[in-house]
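Participant: My structure is in my_file-v3.txt, and what it holds is compact mmCIF, C-alpha atoms:
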# COMPACT_ATOMS: atom_id res chain seq x y z
CA MET A 1 -11.49 16.92 -44.15
CA ASP A 2 -12.67 18.19 -47.52
CA ASP A 3 -14.68 21.38 -48.01
CA GLU A 4 -17.97 19.47 -48.19
CA GLN A 5 -17.27 17.76 -44.85
CA ILE A 6 -16.27 21.08 -43.27
CA LEU A 7 -19.55 22.66 -44.35
CA ALA A 8 -21.58 19.62 -43.29
CA ALA A 9 -20.09 19.73 -39.77
CA SER A 10 -20.63 23.48 -39.42
CA VAL A 11 -23.46 24.75 -37.26
CA GLY A 12 -24.96 28.14 -38.04
CA GLU A 13 -23.02 30.35 -40.41
CA PRO A 14 -20.47 28.60 -42.62
CA PRO A 15 -16.88 29.11 -41.48
CA PRO A 16 -15.15 32.21 -42.83
CA GLU A 17 -13.14 31.67 -45.99
CA TYR A 18 -9.56 32.68 -46.76
CA ARG A 19 -8.66 33.96 -43.30
CA GLU A 20 -5.03 34.71 -42.70
CA ILE A 21 -3.34 32.30 -40.29
CA VAL A 22 -1.88 34.57 -37.62
CA LEU A 23 0.72 32.96 -35.40
CA ALA A 24 1.78 34.91 -32.33
CA GLU A 25 4.90 34.33 -30.28
CA TYR A 26 4.19 32.39 -27.08
CA ASP A 27 2.39 34.58 -24.55
CA PRO A 28 2.87 33.70 -20.86
CA GLU A 29 -0.70 34.93 -20.29
CA TRP A 30 -2.18 31.99 -22.24
CA PRO A 31 -2.21 29.67 -19.20
CA ASP A 32 -4.13 32.39 -17.34
CA TRP A 33 -6.63 32.59 -20.22
CA TYR A 34 -7.10 28.84 -19.90
CA ALA A 35 -7.51 29.04 -16.11
CA ARG A 36 -10.12 31.79 -16.46
CA ALA A 37 -12.07 29.88 -19.13
CA ALA A 38 -11.84 26.60 -17.18
CA GLU A 39 -13.17 28.30 -14.04
CA GLN A 40 -16.11 29.74 -16.01
CA ILE A 41 -16.88 26.37 -17.62
CA ARG A 42 -16.68 24.49 -14.32
CA GLY A 43 -18.88 27.14 -12.71
CA ALA A 44 -21.51 26.77 -15.42
CA LEU A 45 -21.46 22.98 -15.73
CA GLY A 46 -20.53 21.82 -12.25
CA ASP A 47 -20.15 18.05 -12.05
CA ALA A 48 -21.23 17.69 -15.70
CA ALA A 49 -17.70 18.86 -16.64
CA LEU A 50 -15.98 15.52 -16.10
CA ARG A 51 -12.59 16.77 -17.28
CA LEU A 52 -10.97 19.89 -18.71
CA ASP A 53 -7.53 20.03 -20.32
CA HIS A 54 -5.56 22.84 -21.92
CA VAL A 55 -4.37 21.44 -25.25
CA GLY A 56 -3.12 22.83 -28.53
CA SER A 57 -0.18 25.09 -29.15
CA THR A 58 -1.07 27.67 -26.51
CA SER A 59 -0.53 24.94 -23.90
CA VAL A 60 3.13 24.53 -24.88
CA PRO A 61 5.50 27.13 -23.40
CA GLY A 62 7.72 28.67 -26.06
CA LEU A 63 5.59 27.58 -29.03
CA ALA A 64 4.12 30.14 -31.43
CA ALA A 65 0.37 29.75 -31.80
CA LYS A 66 -2.83 31.29 -32.98
CA PRO A 67 -3.89 33.31 -29.91
CA LEU A 68 -6.84 31.03 -29.27
CA ILE A 69 -6.99 28.62 -26.34
CA ASP A 70 -7.91 25.02 -27.17
CA ILE A 71 -9.69 23.25 -24.33
CA ASN A 72 -10.90 19.68 -24.22
CA LEU A 73 -14.08 19.23 -22.20
CA VAL A 74 -15.39 15.77 -21.35
CA VAL A 75 -19.11 15.38 -20.69
CA ASP A 76 -21.04 12.18 -20.11
CA ASP A 77 -22.89 12.32 -23.45
CA THR A 78 -21.97 14.86 -26.13
CA THR A 79 -25.17 14.07 -28.03
CA ASP A 80 -27.27 15.31 -25.08
CA GLU A 81 -26.60 18.90 -26.09
CA ALA A 82 -29.44 20.23 -23.91
CA ALA A 83 -27.47 19.09 -20.84
CA TYR A 84 -24.52 21.42 -21.44
CA ILE A 85 -24.78 23.72 -24.46
CA PRO A 86 -27.36 26.19 -23.06
CA LYS A 87 -25.17 26.64 -19.96
CA LEU A 88 -22.14 27.32 -22.16
CA GLU A 89 -24.15 29.65 -24.39
CA ALA A 90 -25.00 31.65 -21.26
CA LEU A 91 -21.24 32.25 -20.96
CA GLY A 92 -21.09 33.50 -24.56
CA TYR A 93 -20.02 30.26 -26.25
CA VAL A 94 -21.46 29.47 -29.68
CA LEU A 95 -21.84 25.96 -31.08
CA ARG A 96 -19.93 25.95 -34.38
CA VAL A 97 -19.20 22.28 -35.19
CA ARG A 98 -21.07 19.00 -34.74
CA GLU A 99 -19.21 15.87 -35.90
CA PRO A 100 -21.27 12.74 -35.22
CA ASN A 101 -18.84 10.61 -37.25
CA TRP A 102 -15.75 11.75 -35.32
CA TYR A 103 -16.20 10.71 -31.69
CA GLU A 104 -19.48 12.71 -31.49
CA HIS A 105 -17.22 15.78 -31.19
CA ARG A 106 -18.73 19.21 -30.66
CA LEU A 107 -16.85 22.50 -30.91
CA LEU A 108 -17.98 25.70 -29.30
CA ARG A 109 -16.30 29.04 -29.81
CA GLY A 110 -15.79 31.38 -26.88
CA TYR A 111 -14.66 34.98 -27.10
CA ASP A 112 -13.61 36.21 -23.66
CA PRO A 113 -11.04 34.74 -23.55
CA PRO A 114 -10.84 33.41 -27.12
CA VAL A 115 -11.44 29.65 -26.89
CA ASN A 116 -12.07 26.65 -29.09
CA LEU A 117 -13.91 24.33 -26.71
CA HIS A 118 -13.72 20.73 -27.94
CA VAL A 119 -16.35 18.49 -26.32
CA PHE A 120 -15.74 14.74 -26.23
CA PRO A 121 -17.29 11.75 -24.47
CA PRO A 122 -15.40 9.82 -21.76
CA GLY A 123 -12.79 7.36 -22.97
CA CYS A 124 -12.42 8.96 -26.38
CA GLN A 125 -9.00 8.06 -27.81
CA GLU A 126 -8.57 11.59 -29.23
CA LEU A 127 -8.30 12.94 -25.68
CA GLU A 128 -5.24 10.81 -24.92
CA ARG A 129 -3.75 11.53 -28.35
CA MET A 130 -3.93 15.30 -27.81
CA LEU A 131 -2.33 15.04 -24.37
CA VAL A 132 0.50 12.80 -25.62
CA PHE A 133 1.18 15.31 -28.40
CA ARG A 134 1.07 18.30 -26.02
CA ASP A 135 3.37 16.61 -23.52
CA ARG A 136 5.83 15.61 -26.23
CA LEU A 137 6.06 19.21 -27.45
CA ARG A 138 6.51 20.42 -23.87
CA THR A 139 9.46 18.10 -23.28
CA ASN A 140 11.16 17.68 -26.66
CA GLU A 141 12.76 20.78 -28.12
CA ALA A 142 13.51 19.23 -31.52
CA ASP A 143 9.89 18.18 -32.05
CA ARG A 144 8.62 21.53 -30.76
CA GLU A 145 10.88 23.32 -33.27
CA LEU A 146 9.82 20.99 -36.10
CA TYR A 147 6.16 21.61 -35.34
CA GLU A 148 6.60 25.38 -35.13
CA ARG A 149 8.56 25.44 -38.40
CA THR A 150 5.79 23.41 -40.07
CA LYS A 151 3.11 25.72 -38.67
CA ARG A 152 4.93 28.80 -39.95
CA GLU A 153 5.48 27.31 -43.42
CA LEU A 154 1.86 26.23 -43.73
CA GLY A 155 0.56 29.42 -42.12
CA ALA A 156 2.25 31.46 -44.85
CA LYS A 157 0.08 29.74 -47.48
CA GLN A 158 -3.47 30.66 -48.37
CA TRP A 159 -6.19 28.28 -47.16
CA LYS A 160 -9.89 28.33 -47.94
CA TYR A 161 -10.75 27.34 -44.35
CA VAL A 162 -8.64 27.32 -41.20
CA GLN A 163 -9.51 23.61 -40.96
CA ASN A 164 -7.57 23.05 -44.21
CA TYR A 165 -4.48 24.51 -42.50
CA ALA A 166 -5.05 22.28 -39.46
CA ASP A 167 -5.43 19.21 -41.67
CA ALA A 168 -2.22 20.05 -43.54
CA LYS A 169 -0.29 19.59 -40.27
CA THR A 170 -1.45 15.97 -39.90
CA ALA A 171 1.68 14.31 -41.32
CA VAL A 172 4.06 16.09 -38.94
CA VAL A 173 1.68 15.56 -36.00
CA GLU A 174 1.60 11.82 -36.72
CA GLU A 175 5.41 11.75 -37.04
CA ILE A 176 5.79 13.43 -33.64
CA LEU A 177 3.17 11.17 -32.04
CA LYS A 178 5.00 8.11 -33.33
CA ARG A 179 8.21 9.25 -31.63
CA ALA A 180 6.30 10.13 -28.45
CA ARG A 181 4.88 6.62 -28.24
CA ASP A 182 8.09 4.87 -29.31
CA PRO A 183 11.23 6.91 -28.64
CA THR A 184 13.29 4.35 -30.60
CA ALA A 185 11.32 5.10 -33.77
Will you turn the file into structure tokens for me?

Facilitator:
Amino acid sequence: MDDEQILAASVGEPPPEYREIVLAEYDPEWPDWYARAAEQIRGALGDAALRLDHVGSTSVPGLAAKPLIDINLVVDDTTDEAAYIPKLEALGYVLRVREPNWYEHRLLRGYDPPVNLHVFPPGCQELERMLVFRDRLRTNEADRELYERTKRELGAKQWKYVQNYADAKTAVVEEILKRARDPTA
């Protein structure tokens, strides 16, 4: 995603520039942060929350990560923002990203606990992709170490936007996904 696309997808204030990428050692409290956030989200949305999954590096025991919980939320129609965003805003979430050209993805930022809440429609292939990647890192030490090494190397560089850092990891993510889907590869 180039800078123009990042700004176009941003809602409200533009994303902060040149923020240091801070990776923390795995914290066994991260699953509890997820559980607390998931309970709040389910309480606010009820049956409208079709699925919640803890994804991202904080969902992988032993993996260093930015201390920010990534959660995938599935709702019936991400474009019907009035059906779910006000209820999430009441919890303190702020809509930060709207990507109509990428699965109608929405991203809301929560602060207690710190959460990136990714909202996708049912059947979105990105949901499965994220779970395959998470599960591979949970079960394959070599790939987990490769990913952490890549994150540390890239995190030591300076990036205009955090999204640029995330995008820079794409090649290694795709390499790991390929092995996850075809262990003979």

Participant: May I ask which of the residues A:Thr79, A:Thr150, A:Asn164, A:Asn116 is the closest one to Asn101 in chain A, counting all atoms listed in the file?

Facilitator: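 Going through A:Thr79, A:Thr150, A:Asn164, A:Asn116 one by one, the smallest distance to Asn101 in chain A is for A:Thr79.
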
Participant: Would you compute the distance between CA of Ala90 in chain A and CA of Glu39 in chain A? Give it in Å to one decimal.

Facilitator: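 A separation of 14.3 Å between them.
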
Participant: Taking all atoms listed in the file into account, name the residue in A:His54, A:Lys87, A:Lys160, A:Arg109 that is nearest to Trp33 in chain A.

Facilitator: A:His54

Participant: So, with all atoms listed in the file as the atoms that count, which of A:Asn72, A:Thr58, A:Gln158, A:Thr170 lies closest to Glu29 in chain A?

Facilitator: A:Thr58

Participant: Distance CA of Tyr165 in chain A-CA of Val11 in chain A, one decimal place?

Facilitator: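 Taking CA of Tyr165 in chain A and CA of Val11 in chain A, their separation equals 19.7 Å.
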
Participant: Which residues are close to Leu131 in chain A, i.e. within 10 Å by all atoms listed in the file, leaving aside same-chain residues fewer than 3 positions away? Reply as a PyMOL selection string.

Facilitator: chain A and resi 53-56+72+126-128+134-137

Participant: Write out, as a compact mmCIF listing (two decimals), keeping the file's coordinate frame, the residues just selected, with C-alpha atoms.

Facilitator:
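Output saved as selection.txt:
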# COMPACT_ATOMS: atom_id res chain seq x y z
CA ASP A 53 -7.53 20.03 -20.32
CA HIS A 54 -5.56 22.84 -21.92
CA VAL A 55 -4.37 21.44 -25.25
CA GLY A 56 -3.12 22.83 -28.53
CA ASN A 72 -10.90 19.68 -24.22
CA GLU A 126 -8.57 11.59 -29.23
CA LEU A 127 -8.30 12.94 -25.68
CA GLU A 128 -5.24 10.81 -24.92
CA ARG A 134 1.07 18.30 -26.02
CA ASP A 135 3.37 16.61 -23.52
CA ARG A 136 5.83 15.61 -26.23
CA LEU A 137 6.06 19.21 -27.45

Participant: Around all listed atoms of range 102-108 of chain A, padded 5 Å per side, what centre and edge lengths does the axis-aligned box have in Å to one decimal, as AutoDock Vina command-line options?

Facilitator:
--center_x -17.6 --center_y 18.2 --center_z -32.3 --size_x 13.7 --size_y 25.0 --size_z 16.0

Participant: Write out as number ranges by chain the residues lying within 8 Å of Leu52 in chain A, counting all atoms listed in the file and excluding same-chain residues fewer than 6 positions away.

Facilitator: A: 38, 71-74

Participant: Store the residues picked out above, limited to C-alpha atoms, as an mmCIF file, keeping the file's coordinate frame.

Facilitator:
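Final file, out06.cif:
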data_model
loop_
_atom_site.group_PDB
_atom_site.id
_atom_site.type_symbol
_atom_site.label_atom_id
_atom_site.label_comp_id
_atom_site.auth_asym_id
_atom_site.auth_seq_id
_atom_site.Cartn_x
_atom_site.Cartn_y
_atom_site.Cartn_z
ATOM 1 C CA ALA A 38 -11.840 26.600 -17.180
ATOM 2 C CA ILE A 71 -9.690 23.250 -24.330
ATOM 3 C CA ASN A 72 -10.900 19.680 -24.220
ATOM 4 C CA LEU A 73 -14.080 19.230 -22.200
ATOM 5 C CA VAL A 74 -15.390 15.770 -21.350
#

Participant: What residues have an atom no more than 12 Å from (-14.7, 12.9, -34.8) in the file's own frame, counting only C-alpha atoms, and can you write them as an MDAnalysis selection string?

Facilitator: chainID A and resid 1 5:6 9 78 97:107 118:121 124:127

Participant: Quote the spacing between CA of Tyr93 in chain A and CA of Ala156 in chain A in Å to one decimal place.

Facilitator: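 Separation between CA of Tyr93 in chain A and CA of Ala156 in chain A: 29.0 Å.
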
Participant: Using only C-alpha atoms, which of A:Lys157, A:Arg36, A:Asp80, A:Met130 sits nearest Ala180 in chain A?

Facilitator: A:Met130

Participant: Given all atoms listed in the file as the basis, pick out the residue of A:Val132, A:Ile69, A:Ala166, A:Ala142 nearest to Pro31 in chain A.

Facilitator: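 Using all atoms listed in the file, Pro31 in chain A sits closest to A:Ile69.
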
Participant: Using the atoms already present, construct N, CA, C and O atoms for range 70-85 of chain A and hand them back as an mmCIF file, keeping the file's coordinate frame.

Facilitator:
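Contents of part38.cif, as written:
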data_model
loop_
_atom_site.group_PDB
_atom_site.id
_atom_site.type_symbol
_atom_site.label_atom_id
_atom_site.label_comp_id
_atom_site.auth_asym_id
_atom_site.auth_seq_id
_atom_site.Cartn_x
_atom_site.Cartn_y
_atom_site.Cartn_z
ATOM 1 N N ASP A 70 -7.194 26.270 -26.920
ATOM 2 C CA ASP A 70 -7.910 25.020 -27.170
ATOM 3 C C ASP A 70 -8.103 24.308 -25.838
ATOM 4 O O ASP A 70 -7.135 24.092 -25.103
ATOM 5 N N ILE A 71 -9.348 23.956 -25.563
ATOM 6 C CA ILE A 71 -9.690 23.250 -24.330
ATOM 7 C C ILE A 71 -10.483 22.007 -24.702
ATOM 8 O O ILE A 71 -11.426 22.084 -25.494
ATOM 9 N N ASN A 72 -10.102 20.886 -24.120
ATOM 10 C CA ASN A 72 -10.900 19.680 -24.220
ATOM 11 C C ASN A 72 -11.798 19.595 -22.992
ATOM 12 O O ASN A 72 -11.316 19.686 -21.857
ATOM 13 N N LEU A 73 -13.084 19.416 -23.249
ATOM 14 C CA LEU A 73 -14.080 19.230 -22.200
ATOM 15 C C LEU A 73 -14.672 17.835 -22.383
ATOM 16 O O LEU A 73 -15.064 17.476 -23.498
ATOM 17 N N VAL A 74 -14.743 17.082 -21.311
ATOM 18 C CA VAL A 74 -15.390 15.770 -21.350
ATOM 19 C C VAL A 74 -16.721 15.885 -20.608
ATOM 20 O O VAL A 74 -16.757 16.354 -19.463
ATOM 21 N N VAL A 75 -17.778 15.484 -21.303
ATOM 22 C CA VAL A 75 -19.110 15.380 -20.690
ATOM 23 C C VAL A 75 -19.604 13.958 -20.892
ATOM 24 O O VAL A 75 -19.129 13.243 -21.778
ATOM 25 N N ASP A 76 -20.556 13.558 -20.083
ATOM 26 C CA ASP A 76 -21.040 12.180 -20.110
ATOM 27 C C ASP A 76 -21.559 11.764 -21.484
ATOM 28 O O ASP A 76 -21.298 10.657 -21.936
ATOM 29 N N ASP A 77 -22.292 12.652 -22.161
ATOM 30 C CA ASP A 77 -22.890 12.320 -23.450
ATOM 31 C C ASP A 77 -22.922 13.579 -24.313
ATOM 32 O O ASP A 77 -23.758 14.451 -24.097
ATOM 33 N N THR A 78 -22.025 13.660 -25.282
ATOM 34 C CA THR A 78 -21.970 14.860 -26.130
ATOM 35 C C THR A 78 -23.233 15.039 -26.956
ATOM 36 O O THR A 78 -23.548 16.155 -27.358
ATOM 37 N N THR A 79 -23.956 13.956 -27.212
ATOM 38 C CA THR A 79 -25.170 14.070 -28.030
ATOM 39 C C THR A 79 -26.332 14.671 -27.251
ATOM 40 O O THR A 79 -27.296 15.129 -27.847
ATOM 41 N N ASP A 80 -26.246 14.673 -25.916
ATOM 42 C CA ASP A 80 -27.270 15.310 -25.080
ATOM 43 C C ASP A 80 -26.918 16.784 -24.934
ATOM 44 O O ASP A 80 -26.557 17.257 -23.859
ATOM 45 N N GLU A 81 -27.019 17.498 -26.047
ATOM 46 C CA GLU A 81 -26.600 18.900 -26.090
ATOM 47 C C GLU A 81 -27.374 19.771 -25.103
ATOM 48 O O GLU A 81 -26.839 20.744 -24.577
ATOM 49 N N ALA A 82 -28.624 19.429 -24.839
ATOM 50 C CA ALA A 82 -29.440 20.230 -23.910
ATOM 51 C C ALA A 82 -28.859 20.213 -22.493
ATOM 52 O O ALA A 82 -29.118 21.131 -21.706
ATOM 53 N N ALA A 83 -28.048 19.209 -22.181
ATOM 54 C CA ALA A 83 -27.470 19.090 -20.840
ATOM 55 C C ALA A 83 -26.314 20.057 -20.600
ATOM 56 O O ALA A 83 -25.970 20.314 -19.446
ATOM 57 N N TYR A 84 -25.697 20.564 -21.665
ATOM 58 C CA TYR A 84 -24.520 21.420 -21.440
ATOM 59 C C TYR A 84 -24.452 22.648 -22.341
ATOM 60 O O TYR A 84 -23.919 23.683 -21.927
ATOM 61 N N ILE A 85 -24.958 22.583 -23.553
ATOM 62 C CA ILE A 85 -24.780 23.720 -24.460
ATOM 63 C C ILE A 85 -25.489 24.987 -23.992
ATOM 64 O O ILE A 85 -24.870 26.062 -24.010
#
